[in-house]
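Source file: start_25.txt (compact mmCIF, C-alpha atoms and all ligand atoms)
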# COMPACT_ATOMS: atom_id res chain seq x y z
CA MET A 940 6.71 21.31 3.05
CA LYS A 941 9.87 19.95 1.37
CA ILE A 942 9.25 16.52 -0.17
CA ALA A 943 11.72 13.97 -1.57
CA LEU A 944 10.30 11.49 -4.08
CA ILE A 945 11.83 8.02 -4.14
CA GLY A 946 10.61 6.26 -7.29
CA TYR A 947 9.56 8.36 -10.26
CA GLY A 948 7.29 5.97 -12.10
CA LYS A 949 3.48 5.95 -12.40
CA MET A 950 2.88 6.82 -8.74
CA GLY A 951 5.87 9.16 -8.41
CA HIS A 952 4.54 11.33 -11.24
CA GLU A 953 0.95 11.41 -9.85
CA ILE A 954 2.27 12.30 -6.39
CA GLU A 955 4.46 15.10 -7.76
CA GLN A 956 1.44 16.79 -9.41
CA ILE A 957 -0.72 16.59 -6.30
CA ALA A 958 2.10 17.73 -4.00
CA LEU A 959 2.82 20.77 -6.21
CA ASN A 960 -0.91 21.62 -6.40
CA ARG A 961 -1.05 21.55 -2.58
CA GLY A 962 1.83 24.05 -2.38
CA HIS A 963 4.66 21.64 -1.51
CA GLU A 964 8.18 21.76 -2.92
CA ILE A 965 9.87 18.70 -4.45
CA VAL A 966 13.48 19.04 -3.32
CA SER A 967 14.84 15.69 -4.49
CA ILE A 968 13.81 12.94 -6.92
CA ILE A 969 15.50 9.54 -6.62
CA ASP A 970 15.00 6.93 -9.33
CA MET A 971 16.83 3.75 -10.20
CA ASP A 972 19.72 5.51 -11.96
CA ASN A 973 20.59 8.17 -9.31
CA THR A 974 20.45 6.43 -5.93
CA GLY A 975 23.62 8.39 -4.92
CA GLU A 976 21.14 11.26 -4.36
CA PHE A 977 20.36 9.71 -0.94
CA ASP A 978 23.66 11.25 0.25
CA SER A 979 22.82 14.73 -1.07
CA GLU A 980 22.09 17.82 1.02
CA ALA A 981 18.86 18.23 -0.96
CA PHE A 982 17.59 14.81 0.14
CA ARG A 983 18.61 15.38 3.75
CA SER A 984 16.79 18.74 3.77
CA ALA A 985 13.41 17.09 3.03
CA ASP A 986 10.69 17.19 5.71
CA VAL A 987 9.43 13.86 4.40
CA ALA A 988 10.20 11.33 1.67
CA ILE A 989 7.55 9.42 -0.31
CA GLU A 990 8.67 5.98 -1.52
CA PHE A 991 6.87 4.14 -4.36
CA THR A 992 9.34 1.81 -6.09
CA ARG A 993 9.63 -1.97 -6.43
CA PRO A 994 9.33 -4.81 -3.90
CA GLU A 995 13.03 -5.77 -4.02
CA VAL A 996 14.42 -2.26 -3.39
CA ALA A 997 11.93 -0.81 -0.89
CA MET A 998 13.67 -2.13 2.25
CA SER A 999 17.07 -0.69 1.40
CA ASN A 1000 15.46 2.64 0.43
CA LEU A 1001 13.70 2.76 3.82
CA SER A 1002 16.98 1.99 5.56
CA ARG A 1003 18.63 4.94 3.80
CA CYS A 1004 15.77 7.24 4.88
CA PHE A 1005 16.18 6.05 8.51
CA ASP A 1006 19.94 6.72 8.34
CA ALA A 1007 19.34 10.21 6.94
CA GLN A 1008 16.66 10.87 9.61
CA VAL A 1009 14.13 11.75 6.88
CA PRO A 1010 10.62 10.53 7.82
CA VAL A 1011 9.31 8.29 5.06
CA VAL A 1012 5.87 7.42 3.68
CA CYS A 1013 6.04 4.11 1.82
CA GLY A 1014 3.41 2.70 -0.54
CA THR A 1015 5.50 -0.02 -2.15
CA THR A 1016 3.90 -3.45 -1.84
CA GLY A 1017 5.24 -7.00 -2.12
CA TRP A 1018 7.92 -6.79 0.61
CA THR A 1019 5.87 -6.76 3.81
CA ALA A 1020 6.69 -10.29 4.90
CA HIS A 1021 9.68 -8.32 6.31
CA LEU A 1022 7.65 -5.48 7.87
CA GLU A 1023 8.43 -6.48 11.46
CA GLU A 1024 12.22 -6.42 10.89
CA VAL A 1025 11.94 -3.03 9.16
CA LYS A 1026 9.93 -1.69 12.12
CA LYS A 1027 12.66 -2.93 14.49
CA GLU A 1028 15.32 -1.14 12.47
CA MET A 1029 13.16 2.02 12.42
CA THR A 1030 12.79 1.92 16.21
CA TYR A 1031 16.51 1.24 16.74
CA LYS A 1032 17.38 4.25 14.56
CA ASN A 1033 14.70 6.46 16.22
CA ALA A 1034 13.21 7.06 12.78
CA THR A 1035 9.75 7.41 11.19
CA LEU A 1036 7.81 5.17 8.78
CA PHE A 1037 4.23 5.47 7.51
CA TRP A 1038 3.32 2.36 5.53
CA ALA A 1039 -0.01 1.52 3.89
CA SER A 1040 -0.87 -1.03 1.24
CA ASN A 1041 -3.38 1.49 -0.08
CA PHE A 1042 -3.57 5.23 0.65
CA SER A 1043 -6.93 5.93 -1.04
CA LEU A 1044 -9.78 7.08 1.15
CA GLY A 1045 -12.22 4.89 -0.79
CA VAL A 1046 -10.22 1.70 -0.22
CA ASN A 1047 -9.90 2.45 3.47
CA ILE A 1048 -13.69 2.97 3.79
CA PHE A 1049 -14.11 -0.29 1.83
CA ALA A 1050 -11.71 -2.05 4.23
CA ALA A 1051 -13.80 -0.92 7.23
CA VAL A 1052 -16.98 -2.26 5.55
CA ASN A 1053 -15.10 -5.50 4.77
CA ARG A 1054 -14.24 -6.01 8.46
CA TYR A 1055 -17.83 -5.26 9.52
CA LEU A 1056 -19.28 -7.69 6.97
CA ALA A 1057 -16.83 -10.43 8.04
CA LYS A 1058 -17.92 -9.99 11.66
CA ILE A 1059 -21.61 -10.36 10.68
CA MET A 1060 -20.80 -13.52 8.71
CA ASN A 1061 -19.72 -15.34 11.90
CA SER A 1062 -23.45 -15.93 12.45
CA TYR A 1063 -24.02 -17.21 8.89
CA PRO A 1064 -21.80 -20.23 8.21
CA ASP A 1065 -23.56 -21.10 4.92
CA TYR A 1066 -21.66 -18.31 3.18
CA ASN A 1067 -18.17 -18.99 1.91
CA VAL A 1068 -15.92 -16.01 1.25
CA SER A 1069 -13.36 -15.43 -1.51
CA MET A 1070 -11.59 -12.45 -3.07
CA VAL A 1071 -10.69 -11.32 -6.58
CA GLU A 1072 -8.24 -8.52 -7.36
CA VAL A 1073 -7.55 -7.11 -10.84
CA HIS A 1074 -4.58 -4.87 -11.77
CA HIS A 1075 -2.62 -3.68 -14.80
CA THR A 1076 -0.18 -6.07 -16.46
CA GLN A 1077 2.94 -4.19 -15.21
CA LYS A 1078 2.19 -5.06 -11.60
CA LEU A 1079 5.04 -7.14 -10.11
CA ASP A 1080 3.40 -8.61 -6.97
CA ALA A 1081 0.41 -10.90 -6.47
CA PRO A 1082 -1.77 -10.87 -4.52
CA SER A 1083 -1.82 -7.08 -4.29
CA GLY A 1084 -0.83 -5.49 -0.98
CA THR A 1085 -4.42 -4.25 -0.64
CA ALA A 1086 -5.78 -7.78 -1.12
CA ILE A 1087 -3.49 -9.03 1.67
CA THR A 1088 -4.65 -6.22 4.00
CA LEU A 1089 -8.31 -7.00 3.19
CA ALA A 1090 -7.65 -10.72 3.76
CA GLU A 1091 -6.04 -9.97 7.13
CA GLY A 1092 -9.18 -7.95 8.00
CA ILE A 1093 -11.34 -11.00 7.24
CA LEU A 1094 -9.05 -13.45 9.09
CA ASN A 1095 -9.14 -11.22 12.18
CA GLU A 1096 -12.96 -11.05 12.22
CA LEU A 1097 -14.28 -14.31 10.69
CA ASP A 1098 -13.62 -17.27 12.98
CA ARG A 1099 -13.97 -19.98 10.28
CA LYS A 1100 -11.05 -18.63 8.18
CA ASN A 1101 -7.44 -18.63 9.43
CA ASN A 1102 -5.19 -18.43 6.38
CA TRP A 1103 -5.20 -16.74 2.97
CA VAL A 1104 -4.00 -18.64 -0.09
CA LYS A 1105 -3.37 -17.80 -3.72
CA GLU A 1106 -6.05 -18.85 -6.21
CA VAL A 1107 -7.70 -22.03 -4.84
CA GLU A 1108 -8.59 -22.88 -1.27
CA GLY A 1109 -7.30 -26.28 -0.13
CA ARG A 1110 -9.01 -26.46 3.27
CA PRO A 1111 -12.28 -24.89 4.46
CA GLU A 1112 -10.21 -22.60 6.72
CA ASP A 1113 -8.45 -21.09 3.68
CA LEU A 1114 -9.48 -17.80 2.11
CA ALA A 1115 -8.73 -17.88 -1.63
CA ILE A 1116 -7.45 -14.73 -3.36
CA VAL A 1117 -7.60 -14.80 -7.16
CA SER A 1118 -5.28 -12.29 -8.91
CA LYS A 1119 -5.91 -11.17 -12.50
CA ARG A 1120 -3.67 -8.91 -14.61
CA GLU A 1121 -5.45 -7.04 -17.42
CA GLY A 1122 -4.60 -3.97 -19.54
CA ALA A 1123 -4.13 -0.73 -17.58
CA VAL A 1124 -6.55 -1.40 -14.69
CA PRO A 1125 -5.53 0.87 -11.72
CA GLY A 1126 -6.97 -1.58 -9.16
CA ILE A 1127 -10.16 -3.54 -8.45
CA HIS A 1128 -10.82 -5.52 -5.26
CA GLU A 1129 -13.96 -7.60 -4.75
CA ILE A 1130 -14.99 -9.67 -1.72
CA ILE A 1131 -17.58 -12.34 -2.45
CA TYR A 1132 -19.76 -14.25 0.03
CA GLU A 1133 -21.63 -17.10 -1.61
CA SER A 1134 -24.25 -19.52 -0.27
CA GLU A 1135 -26.50 -21.97 -2.13
CA MET A 1136 -29.19 -19.27 -2.10
CA ASP A 1137 -27.40 -16.08 -3.15
CA VAL A 1138 -24.24 -14.02 -3.56
CA ILE A 1139 -23.32 -10.92 -1.58
CA SER A 1140 -20.34 -9.01 -2.97
CA ILE A 1141 -18.65 -5.71 -2.19
CA LYS A 1142 -16.26 -4.09 -4.65
CA HIS A 1143 -13.84 -1.16 -4.83
CA ASP A 1144 -12.92 -0.05 -8.34
CA ALA A 1145 -10.27 2.69 -8.58
CA LYS A 1146 -11.06 4.97 -11.57
CA THR A 1147 -7.59 6.57 -11.47
CA ARG A 1148 -4.32 6.47 -9.46
CA ARG A 1149 -5.02 10.01 -8.22
CA GLY A 1150 -6.87 8.68 -5.16
CA PHE A 1151 -3.79 6.68 -4.08
CA ALA A 1152 -1.53 9.70 -4.74
CA LEU A 1153 -3.69 12.19 -2.84
CA GLY A 1154 -3.77 9.80 0.13
CA ALA A 1155 0.03 9.50 0.03
CA VAL A 1156 0.46 13.29 0.09
CA LEU A 1157 -2.04 13.62 2.98
CA ALA A 1158 -0.06 10.89 4.78
CA ALA A 1159 3.17 12.84 4.15
CA GLU A 1160 1.62 16.02 5.60
CA PHE A 1161 0.61 13.99 8.67
CA THR A 1162 4.01 12.31 9.01
CA ALA A 1163 6.38 15.30 8.86
CA GLY A 1164 7.71 16.05 12.35
CA LYS A 1165 6.50 12.75 13.88
CA LYS A 1166 8.45 9.70 15.12
CA GLY A 1167 7.68 5.99 15.02
CA PHE A 1168 5.44 3.70 12.96
CA ILE A 1169 2.27 5.28 11.51
CA THR A 1170 -0.63 3.67 9.65
CA MET A 1171 -3.90 4.73 8.02
CA SER A 1172 -5.76 4.12 11.28
CA ASP A 1173 -3.72 6.98 12.79
CA LEU A 1174 -4.64 9.27 9.90
CA LEU A 1175 -8.33 8.41 9.47
CA PRO A 1176 -11.04 8.86 12.11
CA PHE A 1177 -12.31 5.24 11.78
N1 LIG B 1 0.05 1.98 -1.28
C1 LIG B 1 -0.64 2.46 -2.33
O1 LIG B 1 -1.64 3.20 -2.18
C2 LIG B 1 -0.18 2.10 -3.71
C3 LIG B 1 0.91 1.31 -3.87
N2 LIG B 1 1.43 1.06 -5.10
C4 LIG B 1 2.68 0.33 -5.14
O2 LIG B 1 3.72 1.26 -5.39
C5 LIG B 1 4.79 0.64 -6.08
C6 LIG B 1 5.15 1.47 -7.31
O3 LIG B 1 4.07 1.50 -8.20
P1 LIG B 1 4.17 2.28 -9.60
O4 LIG B 1 4.57 3.69 -9.41
O5 LIG B 1 2.90 1.97 -10.30
O6 LIG B 1 5.41 1.48 -10.30
P2 LIG B 1 6.35 1.97 -11.48
O7 LIG B 1 7.03 0.75 -11.98
O8 LIG B 1 5.58 2.81 -12.44
O9 LIG B 1 7.40 2.92 -10.75
C7 LIG B 1 8.41 2.46 -9.90
C8 LIG B 1 9.61 3.38 -10.06
O10 LIG B 1 10.62 3.06 -9.12
C9 LIG B 1 11.86 3.13 -9.79
N3 LIG B 1 12.91 2.40 -9.10
C10 LIG B 1 13.35 1.13 -9.31
N4 LIG B 1 14.38 0.84 -8.47
C11 LIG B 1 14.58 1.95 -7.72
C12 LIG B 1 15.49 2.27 -6.68
N5 LIG B 1 16.42 1.39 -6.24
N6 LIG B 1 15.41 3.49 -6.11
C13 LIG B 1 14.50 4.37 -6.54
N7 LIG B 1 13.61 4.13 -7.53
C14 LIG B 1 13.66 2.94 -8.12
C15 LIG B 1 11.55 2.58 -11.16
O11 LIG B 1 12.56 2.89 -12.10
P3 LIG B 1 12.68 1.93 -13.41
O12 LIG B 1 11.38 2.05 -14.13
O13 LIG B 1 13.83 2.53 -14.12
O14 LIG B 1 12.91 0.53 -12.87
C16 LIG B 1 10.22 3.29 -11.44
O15 LIG B 1 10.43 4.60 -11.94
C17 LIG B 1 4.33 -0.79 -6.35
O16 LIG B 1 4.84 -1.63 -5.34
C18 LIG B 1 2.80 -0.71 -6.22
O17 LIG B 1 2.22 -1.93 -5.83
C19 LIG B 1 0.86 1.56 -6.22
C20 LIG B 1 -0.27 2.34 -6.13
C21 LIG B 1 -0.90 2.67 -4.87
O1 LIG B 2 0.55 -1.78 -8.21
C1 LIG B 2 -0.48 -1.07 -8.20
O2 LIG B 2 -0.85 -0.42 -9.18
C2 LIG B 2 -1.24 -0.97 -6.95
N1 LIG B 2 -0.72 -1.49 -5.88
C3 LIG B 2 -1.25 -1.45 -4.57
C4 LIG B 2 -1.49 -2.86 -4.07
O3 LIG B 2 -0.68 -3.75 -4.34
O4 LIG B 2 -2.49 -3.08 -3.39
C5 LIG B 2 -2.41 -0.51 -4.43
C6 LIG B 2 -3.29 -0.39 -5.63
O5 LIG B 2 -4.16 -1.48 -5.68
C7 LIG B 2 -2.51 -0.23 -6.91
Please go through the file and, once you have read it, give me the structure as structure tokens.
Amino acid sequence: MKIALIGYGKMGHEIEQIALNRGHEIVSIIDMDNTGEFDSEAFRSADVAIEFTRPEVAMSNLSRCFDAQVPVVCGTTGWTAHLEEVKKEMTYKNATLFWASNFSLGVNIFAAVNRYLAKIMNSYPDYNVSMVEVHHTQKLDAPSGTAITLAEGILNELDRKNNWVKEVEGRPEDLAIVSKREGAVPGIHEIIYESEMDVISIKHDAKTRRGFALGAVLAAEFTAGKKGFITMSDLLPF
């Protein structure tokens, strides 16, 4: 499969290694200083593009993929307040977008457990829920995209919470997400239920970025040749 990489930072490099090991060809690499490459034959020849850049440039990169009719897998976080308008543009241009806040298998299993636990907790109002996420100090967005997805999972299942907030909950209906930035941490997400009697917590701790990168390449293999909006629930059997 011919792959174009958009963003050649920490994730771009991990993805390149995994894609090459799986027998794919990298036909185009677009970074901040060569965005003219979007107009190249090489970019247009790609079966799929994989976009991991920065919150403020992701939307225009996606737009350029839609215009070039190159299906795109996007892992960039911090821009998804605009996801619905991007989906509309994708549909209007008859294009393809796979977006996930986290491509790792482990996080997606964790997210399913999170939803199940939240559902159980409807019967146990003595437990309050909160979330902590820890990432490396270069991370630009907070809370992490994964934390927002996990929070949405809780809000959909747990009737007593209807809104996530940064750091400190103001009302009982709020779900507080605390973000910490430390060293080179690839990504830790912990959901904590606490009553007067005990604490139940579940945690995902990424040991390396390779899990995210492998998931992104598997998503790219799934996306090539398809149309429309695709998510992890289309890729995974749960
Ligand atoms: N969904 C998932 O599973 C995961 C998502 N992420 C997300 O992916 C994104 C990238 O993470 P990471 O690789 O660690 O970040 P990095 O900062 O290491 O890499 C981002 C790269 O994008 C480049 N870039 C900046 N502007 C443009 C542009 N206009 N066009 C093309 N490239 C550009 C940067 O160049 P320069 O350095 O010169 O600015 C840099 O090389 C983040 O939003 C992060 O949250 C991360 C891991 C997993
Ligand atoms: O910026 C990162 O590094 C990561 N970003 C994603 C997010 O915001 O959830 C995924 C992962 O946690 C690593």
request  = Give as a PyMOL selection string the residues surrounding ligand LIG 2 (chain B) up to a distance of 10 Å, considering only C-alpha atoms and all ligand atoms.
outcome  = chain A and resi 949-950+991-993+1014-1017+1039-1043+1046+1072-1089+1123-1128+1143-1145+1147-1148+1150-1151
Separation of atom O5 of ligand LIG 1 (chain B) from CA of Ile969 in chain A, in Å and rounded to one decimal = 15.2 Å
inquiry  = Need the shell around Val987 in chain A: protein/DNA/RNA residues with any atom at most 6 Å away, counting all atoms listed in the file. Skip same-chain ones fewer than 3 positions apart. Format as a count of residues only?
reply    = 5
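From CA of Ala1051 in chain A back to atom N1 of ligand LIG 1 (chain B), the distance works out to 16.5 Å.
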message = Nearest residue to ligand LIG 1 (chain B) out of A:Glu964, A:Glu976, A:Asp1065, A:Glu1135, using all atoms listed in the file?
response = A:Glu976
message = If we count only C-alpha atoms and set the cut-off at 10 Å, which residues sit around range 1096-1112 of chain A, ignoring sequence neighbours fewer than 5 positions away in its own chain? Please answer as a ChimeraX atom specification.
response = /A:1053-1062,1064,1067-1071,1081-1082,1086-1087,1090-1091,1117-1119
key: CA of Phe1177 in chain A to CA of His1021 in chain A, straight-line distance in Å   = 26.4 Å
